[in-house]
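Structure data (PDB, C-alpha atoms and all ligand atoms) from coords22.pdb:
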MODEL        1
ATOM      1  CA  MET A1439    -148.373-203.432   2.739  1.00  0.00           C
ATOM      2  CA  ALA A1440    -149.392-204.975   6.031  1.00  0.00           C
ATOM      3  CA  GLU A1441    -153.005-205.680   6.706  1.00  0.00           C
ATOM      4  CA  LEU A1442    -154.873-205.382   9.950  1.00  0.00           C
ATOM      5  CA  ALA A1443    -157.581-207.824  10.877  1.00  0.00           C
ATOM      6  CA  LYS A1444    -161.002-206.185  10.931  1.00  0.00           C
ATOM      7  CA  ASP A1445    -161.720-207.171  14.529  1.00  0.00           C
ATOM      8  CA  GLY A1446    -158.287-205.946  15.597  1.00  0.00           C
ATOM      9  CA  THR A1447    -158.867-202.647  13.875  1.00  0.00           C
ATOM     10  CA  GLU A1448    -162.234-202.209  15.527  1.00  0.00           C
ATOM     11  CA  MET A1449    -160.698-203.041  18.905  1.00  0.00           C
ATOM     12  CA  LEU A1450    -158.013-200.395  18.376  1.00  0.00           C
ATOM     13  CA  ILE A1451    -160.605-197.791  17.454  1.00  0.00           C
ATOM     14  CA  ALA A1452    -162.628-198.688  20.554  1.00  0.00           C
ATOM     15  CA  ALA A1453    -159.508-198.256  22.697  1.00  0.00           C
ATOM     16  CA  ALA A1454    -158.831-194.876  21.057  1.00  0.00           C
ATOM     17  CA  HIS A1455    -162.418-193.824  21.718  1.00  0.00           C
ATOM     18  CA  GLY A1456    -161.993-194.842  25.349  1.00  0.00           C
ATOM     19  CA  MET A1457    -158.948-192.621  25.613  1.00  0.00           C
ATOM     20  CA  GLN A1458    -160.791-189.745  23.975  1.00  0.00           C
ATOM     21  CA  GLN A1459    -162.852-189.612  27.176  1.00  0.00           C
ATOM     22  CA  LYS A1460    -159.695-188.751  29.150  1.00  0.00           C
ATOM     23  CA  SER A1461    -158.607-185.913  26.873  1.00  0.00           C
ATOM     24  CA  TYR A1462    -157.745-182.586  28.480  1.00  0.00           C
ATOM     25  CA  ALA A1463    -158.742-180.076  25.809  1.00  0.00           C
ATOM     26  CA  PRO A1464    -160.379-177.062  27.473  1.00  0.00           C
ATOM     27  CA  TYR A1465    -159.076-174.630  24.843  1.00  0.00           C
ATOM     28  CA  SER A1466    -159.969-176.342  21.585  1.00  0.00           C
ATOM     29  CA  ASP A1467    -162.796-178.490  22.957  1.00  0.00           C
ATOM     30  CA  PHE A1468    -161.579-181.060  20.436  1.00  0.00           C
ATOM     31  CA  GLN A1469    -160.815-184.319  22.174  1.00  0.00           C
ATOM     32  CA  VAL A1470    -158.562-186.889  20.523  1.00  0.00           C
ATOM     33  CA  GLY A1471    -157.768-190.449  21.518  1.00  0.00           C
ATOM     34  CA  ALA A1472    -155.163-192.814  20.086  1.00  0.00           C
ATOM     35  CA  ALA A1473    -154.367-196.489  20.535  1.00  0.00           C
ATOM     36  CA  LEU A1474    -150.997-197.862  19.451  1.00  0.00           C
ATOM     37  CA  LEU A1475    -150.509-201.570  18.714  1.00  0.00           C
ATOM     38  CA  THR A1476    -147.039-203.004  19.305  1.00  0.00           C
ATOM     39  CA  GLY A1477    -145.430-205.975  17.615  1.00  0.00           C
ATOM     40  CA  SER A1478    -145.906-207.998  20.804  1.00  0.00           C
ATOM     41  CA  GLY A1479    -149.636-207.258  20.807  1.00  0.00           C
ATOM     42  CA  GLN A1480    -149.635-204.679  23.569  1.00  0.00           C
ATOM     43  CA  ILE A1481    -151.735-201.549  23.235  1.00  0.00           C
ATOM     44  CA  PHE A1482    -150.537-198.172  24.471  1.00  0.00           C
ATOM     45  CA  THR A1483    -153.098-195.400  24.534  1.00  0.00           C
ATOM     46  CA  GLY A1484    -152.931-191.627  24.600  1.00  0.00           C
ATOM     47  CA  CYS A1485    -155.095-188.534  24.572  1.00  0.00           C
ATOM     48  CA  ASN A1486    -154.408-184.935  23.670  1.00  0.00           C
ATOM     49  CA  ILE A1487    -153.375-182.774  26.612  1.00  0.00           C
ATOM     50  CA  GLU A1488    -153.586-179.034  26.098  1.00  0.00           C
ATOM     51  CA  ASN A1489    -151.943-176.218  28.013  1.00  0.00           C
ATOM     52  CA  SER A1490    -152.871-172.559  28.391  1.00  0.00           C
ATOM     53  CA  ALA A1491    -149.456-171.644  26.995  1.00  0.00           C
ATOM     54  CA  TYR A1492    -150.329-173.753  23.880  1.00  0.00           C
ATOM     55  CA  SER A1493    -146.780-174.822  23.052  1.00  0.00           C
ATOM     56  CA  PRO A1494    -146.549-177.453  25.833  1.00  0.00           C
ATOM     57  CA  SER A1495    -149.658-179.178  24.469  1.00  0.00           C
ATOM     58  CA  ILE A1496    -149.269-182.687  23.093  1.00  0.00           C
ATOM     59  CA  CYS A1497    -151.283-184.771  20.687  1.00  0.00           C
ATOM     60  CA  ALA A1498    -152.884-188.116  21.512  1.00  0.00           C
ATOM     61  CA  GLU A1499    -150.669-189.945  19.033  1.00  0.00           C
ATOM     62  CA  ARG A1500    -147.416-188.721  20.549  1.00  0.00           C
ATOM     63  CA  THR A1501    -148.703-189.360  24.054  1.00  0.00           C
ATOM     64  CA  ALA A1502    -149.275-193.017  23.107  1.00  0.00           C
ATOM     65  CA  ILE A1503    -145.947-193.366  21.286  1.00  0.00           C
ATOM     66  CA  PHE A1504    -143.943-191.715  24.072  1.00  0.00           C
ATOM     67  CA  LYS A1505    -145.653-193.843  26.701  1.00  0.00           C
ATOM     68  CA  ALA A1506    -144.679-196.954  24.741  1.00  0.00           C
ATOM     69  CA  VAL A1507    -141.087-195.869  24.079  1.00  0.00           C
ATOM     70  CA  SER A1508    -140.652-194.922  27.736  1.00  0.00           C
ATOM     71  CA  GLU A1509    -141.699-198.475  28.614  1.00  0.00           C
ATOM     72  CA  GLY A1510    -139.117-199.972  26.248  1.00  0.00           C
ATOM     73  CA  GLU A1511    -141.333-200.628  23.216  1.00  0.00           C
ATOM     74  CA  ARG A1512    -140.138-199.612  19.774  1.00  0.00           C
ATOM     75  CA  ASP A1513    -141.835-202.127  17.517  1.00  0.00           C
ATOM     76  CA  PHE A1514    -145.109-200.626  16.363  1.00  0.00           C
ATOM     77  CA  LYS A1515    -147.649-202.065  13.944  1.00  0.00           C
ATOM     78  CA  ALA A1516    -150.547-199.619  13.868  1.00  0.00           C
ATOM     79  CA  ILE A1517    -152.202-196.674  15.529  1.00  0.00           C
ATOM     80  CA  ALA A1518    -155.896-195.816  15.619  1.00  0.00           C
ATOM     81  CA  ILE A1519    -156.949-192.185  15.985  1.00  0.00           C
ATOM     82  CA  VAL A1520    -160.351-190.709  16.704  1.00  0.00           C
ATOM     83  CA  GLY A1521    -161.311-187.145  17.477  1.00  0.00           C
ATOM     84  CA  GLY A1522    -164.176-184.754  17.804  1.00  0.00           C
ATOM     85  CA  LYS A1523    -166.020-182.381  20.071  1.00  0.00           C
ATOM     86  CA  ASN A1524    -168.068-183.342  23.142  1.00  0.00           C
ATOM     87  CA  ARG A1525    -165.895-186.477  23.517  1.00  0.00           C
ATOM     88  CA  GLU A1526    -167.613-188.009  20.525  1.00  0.00           C
ATOM     89  CA  ILE A1527    -166.040-189.277  17.354  1.00  0.00           C
ATOM     90  CA  GLY A1528    -166.564-186.662  14.662  1.00  0.00           C
ATOM     91  CA  ASP A1529    -165.294-186.950  11.149  1.00  0.00           C
ATOM     92  CA  LEU A1530    -161.899-188.400  10.290  1.00  0.00           C
ATOM     93  CA  CYS A1531    -159.072-187.134  12.472  1.00  0.00           C
ATOM     94  CA  PHE A1532    -155.685-187.359  10.795  1.00  0.00           C
ATOM     95  CA  PRO A1533    -152.365-187.042  12.640  1.00  0.00           C
ATOM     96  CA  CYS A1534    -150.564-183.707  12.447  1.00  0.00           C
ATOM     97  CA  GLY A1535    -147.209-183.371  10.747  1.00  0.00           C
ATOM     98  CA  VAL A1536    -145.267-183.487  13.993  1.00  0.00           C
ATOM     99  CA  CYS A1537    -146.877-186.797  14.971  1.00  0.00           C
ATOM    100  CA  ARG A1538    -146.241-188.215  11.502  1.00  0.00           C
ATOM    101  CA  GLN A1539    -142.555-187.348  11.864  1.00  0.00           C
ATOM    102  CA  VAL A1540    -142.442-189.027  15.296  1.00  0.00           C
ATOM    103  CA  MET A1541    -144.027-192.131  13.746  1.00  0.00           C
ATOM    104  CA  ALA A1542    -141.332-192.053  11.060  1.00  0.00           C
ATOM    105  CA  GLU A1543    -138.671-192.238  13.767  1.00  0.00           C
ATOM    106  CA  PHE A1544    -139.874-195.631  14.976  1.00  0.00           C
ATOM    107  CA  CYS A1545    -142.097-197.182  12.325  1.00  0.00           C
ATOM    108  CA  ASP A1546    -141.594-198.881   8.987  1.00  0.00           C
ATOM    109  CA  PRO A1547    -143.190-196.556   6.418  1.00  0.00           C
ATOM    110  CA  ASP A1548    -144.785-199.376   4.452  1.00  0.00           C
ATOM    111  CA  GLU A1549    -145.758-201.668   7.311  1.00  0.00           C
ATOM    112  CA  PHE A1550    -147.056-199.196   9.901  1.00  0.00           C
ATOM    113  CA  MET A1551    -150.787-198.594   9.502  1.00  0.00           C
ATOM    114  CA  ILE A1552    -152.602-195.422  10.541  1.00  0.00           C
ATOM    115  CA  VAL A1553    -156.272-196.088  11.212  1.00  0.00           C
ATOM    116  CA  ASN A1554    -158.450-192.996  11.026  1.00  0.00           C
ATOM    117  CA  GLY A1555    -161.832-193.823  12.479  1.00  0.00           C
ATOM    118  CA  ARG A1556    -165.242-192.267  11.928  1.00  0.00           C
ATOM    119  CA  SER A1557    -166.661-194.999  14.149  1.00  0.00           C
ATOM    120  CA  GLU A1558    -165.567-198.456  15.244  1.00  0.00           C
ATOM    121  CA  ASP A1559    -166.640-199.964  11.925  1.00  0.00           C
ATOM    122  CA  ASP A1560    -166.160-197.001   9.605  1.00  0.00           C
ATOM    123  CA  TYR A1561    -162.534-196.078   9.070  1.00  0.00           C
ATOM    124  CA  ILE A1562    -159.797-195.409   6.551  1.00  0.00           C
ATOM    125  CA  VAL A1563    -156.354-197.002   6.801  1.00  0.00           C
ATOM    126  CA  TYR A1564    -153.216-195.485   5.328  1.00  0.00           C
ATOM    127  CA  SER A1565    -149.621-196.594   5.541  1.00  0.00           C
ATOM    128  CA  LEU A1566    -147.186-194.166   7.131  1.00  0.00           C
ATOM    129  CA  ARG A1567    -145.567-193.652   3.723  1.00  0.00           C
ATOM    130  CA  GLU A1568    -148.917-192.620   2.271  1.00  0.00           C
ATOM    131  CA  MET A1569    -149.383-190.097   5.072  1.00  0.00           C
ATOM    132  CA  LEU A1570    -145.780-188.872   5.130  1.00  0.00           C
ATOM    133  CA  PRO A1571    -144.033-189.360   1.813  1.00  0.00           C
ATOM    134  CA  HIS A1572    -140.400-188.293   1.656  1.00  0.00           C
ATOM    135  CA  ALA A1573    -139.950-188.045   5.417  1.00  0.00           C
ATOM    136  CA  GLY A1574    -136.755-186.423   6.615  1.00  0.00           C
ATOM    137  CA  TYR A1575    -134.268-188.474   8.604  1.00  0.00           C
ATOM    138  CA  VAL A1576    -130.974-187.764  10.236  1.00  0.00           C
ATOM    139  CA  LYS A1577    -128.319-190.434   9.820  1.00  0.00           C
ATOM    140  CA  GLY A1578    -127.815-192.234  13.086  1.00  0.00           C
ATOM    141  CA  GLY A1579    -131.454-192.734  13.975  1.00  0.00           C
ATOM    142  CA  ASN A1580    -133.256-196.020  14.378  1.00  0.00           C
ATOM    143  CA  ASP A1581    -131.640-197.491  11.264  1.00  0.00           C
ATOM    144  CA  LYS A1582    -128.152-196.086  11.570  1.00  0.00           C
ATOM    145  CA  ASP A1583    -126.872-196.820   8.081  1.00  0.00           C
ATOM    146  CA  SER A1584    -129.767-196.173   5.786  1.00  0.00           C
ATOM    147  CA  TYR A1585    -130.949-192.637   6.064  1.00  0.00           C
ATOM    148  CA  PHE A1586    -129.738-189.120   5.852  1.00  0.00           C
ATOM    149  CA  PHE A1587    -131.690-185.957   6.222  1.00  0.00           C
ATOM    150  CA  GLY A1588    -133.892-185.203   3.253  1.00  0.00           C
ATOM    151  CA  SER A1589    -133.956-188.790   2.084  1.00  0.00           C
ATOM    152  CA  ASP A1590    -136.827-191.205   2.152  1.00  0.00           C
ATOM    153  CA  LYS A1591    -136.801-194.864   3.121  1.00  0.00           C
ATOM    154  CA  VAL A1592    -136.986-196.017  -0.491  1.00  0.00           C
TER     155      VAL A1592
HETATM  156 ZN    ZN B1601    -150.004-184.469  16.388  1.00  0.00          ZN
ENDMDL
END
Please rewrite the model in this file as structure tokens.
Ligand SMILES: [Zn+2]
Amino acid sequence: MAELAKDGTEMLIAAAHGMQQKSYAPYSDFQVGAALLTGSGQIFTGCNIENSAYSPSICAERTAIFKAVSEGERDFKAIAIVGGKNREIGDLCFPCGVCRQVMAEFCDPDEFMIVNGRSEDDYIVYSLREMLPHAGYVKGGNDKDSYFFGSDKV
């Protein structure tokens, strides 16, 4: 399992907290920020963006991942996530199932780290596999020969 340096982890959480300030969450009043670290050391950030029709809403994690992919990045090492009301970090904020599946599309399940922060120096780190065991894949995705739907990257 990959390890993240403590200072790097704290920097990612700080970036996620910065993005939490930009959240548009008038319906839930639960603001989330995410910061995604790429293999080249770049950081892409995202916040949750809600919509009055609910379905068009998007999570902070997918905002960050889609921003990165749209800029040509597909090599991801870690993502930090913070969330809470009043734009403050509350308790741990874990990614939803949809975001976990999007992570599985691009990230190595054992190498990609998901940092769930309570504060910049209080956090829990899980691998993607720990957070999404037995992910479903369709053959022809990122690794064209290895997966088929219902299988895991084992
Ligand atoms: Zn989500």
Kindly provide the residues of chain A that approach ligand ZN 1601 (chain B) to within 10 Å, each paired with its closest atom pair and their distance in Å to one decimal, based on all atoms listed in the file, listed by chain and increasing number, as CSV.
residue,atom,partner,partner_atom,distance
A:Val1470,CA,B:ZN1601,ZN,9.8
A:Asn1486,CA,B:ZN1601,ZN,8.5
A:Ser1495,CA,B:ZN1601,ZN,9.7
A:Ile1496,CA,B:ZN1601,ZN,7.0
A:Cys1497,CA,B:ZN1601,ZN,4.5
A:Ala1498,CA,B:ZN1601,ZN,6.9
A:Glu1499,CA,B:ZN1601,ZN,6.1
A:Arg1500,CA,B:ZN1601,ZN,6.5
A:Thr1501,CA,B:ZN1601,ZN,9.2
A:Phe1532,CA,B:ZN1601,ZN,8.5
A:Pro1533,CA,B:ZN1601,ZN,5.1
A:Cys1534,CA,B:ZN1601,ZN,4.1
A:Gly1535,CA,B:ZN1601,ZN,6.4
A:Val1536,CA,B:ZN1601,ZN,5.4
A:Cys1537,CA,B:ZN1601,ZN,4.1
A:Arg1538,CA,B:ZN1601,ZN,7.2
A:Gln1539,CA,B:ZN1601,ZN,9.2
A:Val1540,CA,B:ZN1601,ZN,8.9
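Nearest residue to A:Leu1474, choosing from A:Ile1527, A:Leu1442, A:Ala1516, A:Val1507 and counting all atoms listed in the file: A:Ala1516.
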| field | Exercise: stretch 1453-1461 of chain A partners within 10 Å, all atoms listed in the file, chain neighbours under 5 positions left out, as a PyMOL selection string | value | chain A and resi 1447-1448+1467-1474+1481-1488+1497-1499+1502+1517-1527+1555+1557-1558
| said: Which residues are near A:Glu1568? Cut-off 10 Å, all atoms listed in the file, ignore same chain within fewer than 4 positions. Put them as number ranges by chain. | reply: A: 1547-1548, 1551-1552, 1563-1564, 1572
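Between atom CA of A:Phe1550 and atom CA of A:Phe1514 lies a distance of 6.9 Å.
Here atom CA of A:Arg1512 and atom CA of A:Gly1574 stand 18.9 Å from one another.
Shortest atom-to-atom contact with A:Gly1477 among A:Glu1511, A:Arg1556, A:Ala1443, A:Met1569: A:Glu1511, counting all atoms listed in the file.
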| request: Between atom CA of A:Ala1452 and atom CA of A:Pro1464, measure the distance and give it in Å to one decimal. | output: 22.8 Å
All file atoms of stretch 1491-1503 of chain A boxed axis-aligned, 8 Å per side, centre plus edges, as JSON:
{"center_x": -149.4, "center_y": -182.5, "center_z": 23.0, "size_x": 22.9, "size_y": 37.7, "size_z": 24.0}
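Of the residues under consideration (A:Leu1566, A:Cys1531, A:Leu1450, A:Ala1573), A:Leu1450 shows the shortest atom-to-atom contact distance to A:Gln1480 when counting all atoms listed in the file.
With only C-alpha atoms as the atoms that count, the minimum distance from A:Tyr1492 to the choices A:Ser1565, A:Thr1476, A:Ser1466, A:Ile1451 is reached by A:Ser1466.
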Because the input lacks atoms here, generate N, CA and C atoms for stretch 1469-1495 of chain A and report them as a CSV table (one decimal), in the coordinates of the input.
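Dumped to out-v1.csv:
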chain,number,residue,atom,x,y,z
A,1469,GLN,N,-161.5,-183.2,21.5
A,1469,GLN,CA,-160.8,-184.3,22.2
A,1469,GLN,C,-160.4,-185.4,21.2
A,1470,VAL,N,-159.1,-185.9,21.4
A,1470,VAL,CA,-158.6,-186.9,20.5
A,1470,VAL,C,-158.1,-188.1,21.4
A,1471,GLY,N,-158.3,-189.2,20.9
A,1471,GLY,CA,-157.8,-190.4,21.5
A,1471,GLY,C,-157.0,-191.3,20.5
A,1472,ALA,N,-156.0,-192.0,21.0
A,1472,ALA,CA,-155.2,-192.8,20.1
A,1472,ALA,C,-154.9,-194.1,20.8
A,1473,ALA,N,-154.8,-195.2,20.0
A,1473,ALA,CA,-154.4,-196.5,20.5
A,1473,ALA,C,-153.3,-197.1,19.6
A,1474,LEU,N,-152.2,-197.4,20.2
A,1474,LEU,CA,-151.0,-197.9,19.5
A,1474,LEU,C,-150.8,-199.3,19.7
A,1475,LEU,N,-150.7,-200.1,18.6
A,1475,LEU,CA,-150.5,-201.6,18.7
A,1475,LEU,C,-149.0,-201.9,18.5
A,1476,THR,N,-148.4,-202.6,19.4
A,1476,THR,CA,-147.0,-203.0,19.3
A,1476,THR,C,-146.9,-204.4,18.6
A,1477,GLY,N,-145.7,-204.7,18.2
A,1477,GLY,CA,-145.4,-206.0,17.6
A,1477,GLY,C,-145.7,-207.1,18.5
A,1478,SER,N,-145.6,-206.9,19.8
A,1478,SER,CA,-145.9,-208.0,20.8
A,1478,SER,C,-147.4,-208.1,21.2
A,1479,GLY,N,-148.2,-207.2,20.6
A,1479,GLY,CA,-149.6,-207.3,20.8
A,1479,GLY,C,-150.1,-206.4,21.9
A,1480,GLN,N,-149.2,-205.6,22.5
A,1480,GLN,CA,-149.6,-204.7,23.6
A,1480,GLN,C,-150.3,-203.4,22.9
A,1481,ILE,N,-151.1,-202.8,23.7
A,1481,ILE,CA,-151.7,-201.5,23.2
A,1481,ILE,C,-151.4,-200.4,24.2
A,1482,PHE,N,-150.8,-199.4,23.7
A,1482,PHE,CA,-150.5,-198.2,24.5
A,1482,PHE,C,-151.5,-197.1,24.0
A,1483,THR,N,-152.1,-196.4,24.9
A,1483,THR,CA,-153.1,-195.4,24.5
A,1483,THR,C,-152.6,-194.0,24.9
A,1484,GLY,N,-153.3,-193.0,24.3
A,1484,GLY,CA,-152.9,-191.6,24.6
A,1484,GLY,C,-154.1,-190.7,24.3
A,1485,CYS,N,-154.1,-189.6,24.9
A,1485,CYS,CA,-155.1,-188.5,24.6
A,1485,CYS,C,-154.4,-187.2,24.4
A,1486,ASN,N,-155.0,-186.3,23.8
A,1486,ASN,CA,-154.4,-184.9,23.7
A,1486,ASN,C,-154.5,-184.2,25.0
A,1487,ILE,N,-153.5,-183.5,25.3
A,1487,ILE,CA,-153.4,-182.8,26.6
A,1487,ILE,C,-153.0,-181.3,26.3
A,1488,GLU,N,-153.9,-180.4,26.5
A,1488,GLU,CA,-153.6,-179.0,26.1
A,1488,GLU,C,-153.0,-178.3,27.3
A,1489,ASN,N,-152.5,-177.1,27.0
A,1489,ASN,CA,-151.9,-176.2,28.0
A,1489,ASN,C,-152.3,-174.8,27.7
A,1490,SER,N,-152.5,-173.9,28.7
A,1490,SER,CA,-152.9,-172.6,28.4
A,1490,SER,C,-151.8,-171.8,27.7
A,1491,ALA,N,-150.5,-172.3,27.7
A,1491,ALA,CA,-149.5,-171.6,27.0
A,1491,ALA,C,-149.3,-172.2,25.6
A,1492,TYR,N,-150.2,-173.1,25.2
A,1492,TYR,CA,-150.3,-173.8,23.9
A,1492,TYR,C,-149.1,-174.6,23.5
A,1493,SER,N,-147.9,-174.1,23.5
A,1493,SER,CA,-146.8,-174.8,23.1
A,1493,SER,C,-146.5,-176.1,23.8
A,1494,PRO,N,-146.8,-176.2,25.1
A,1494,PRO,CA,-146.5,-177.5,25.8
A,1494,PRO,C,-147.6,-178.5,25.6
A,1495,SER,N,-148.6,-178.2,24.8
A,1495,SER,CA,-149.7,-179.2,24.5
A,1495,SER,C,-149.1,-180.4,23.7
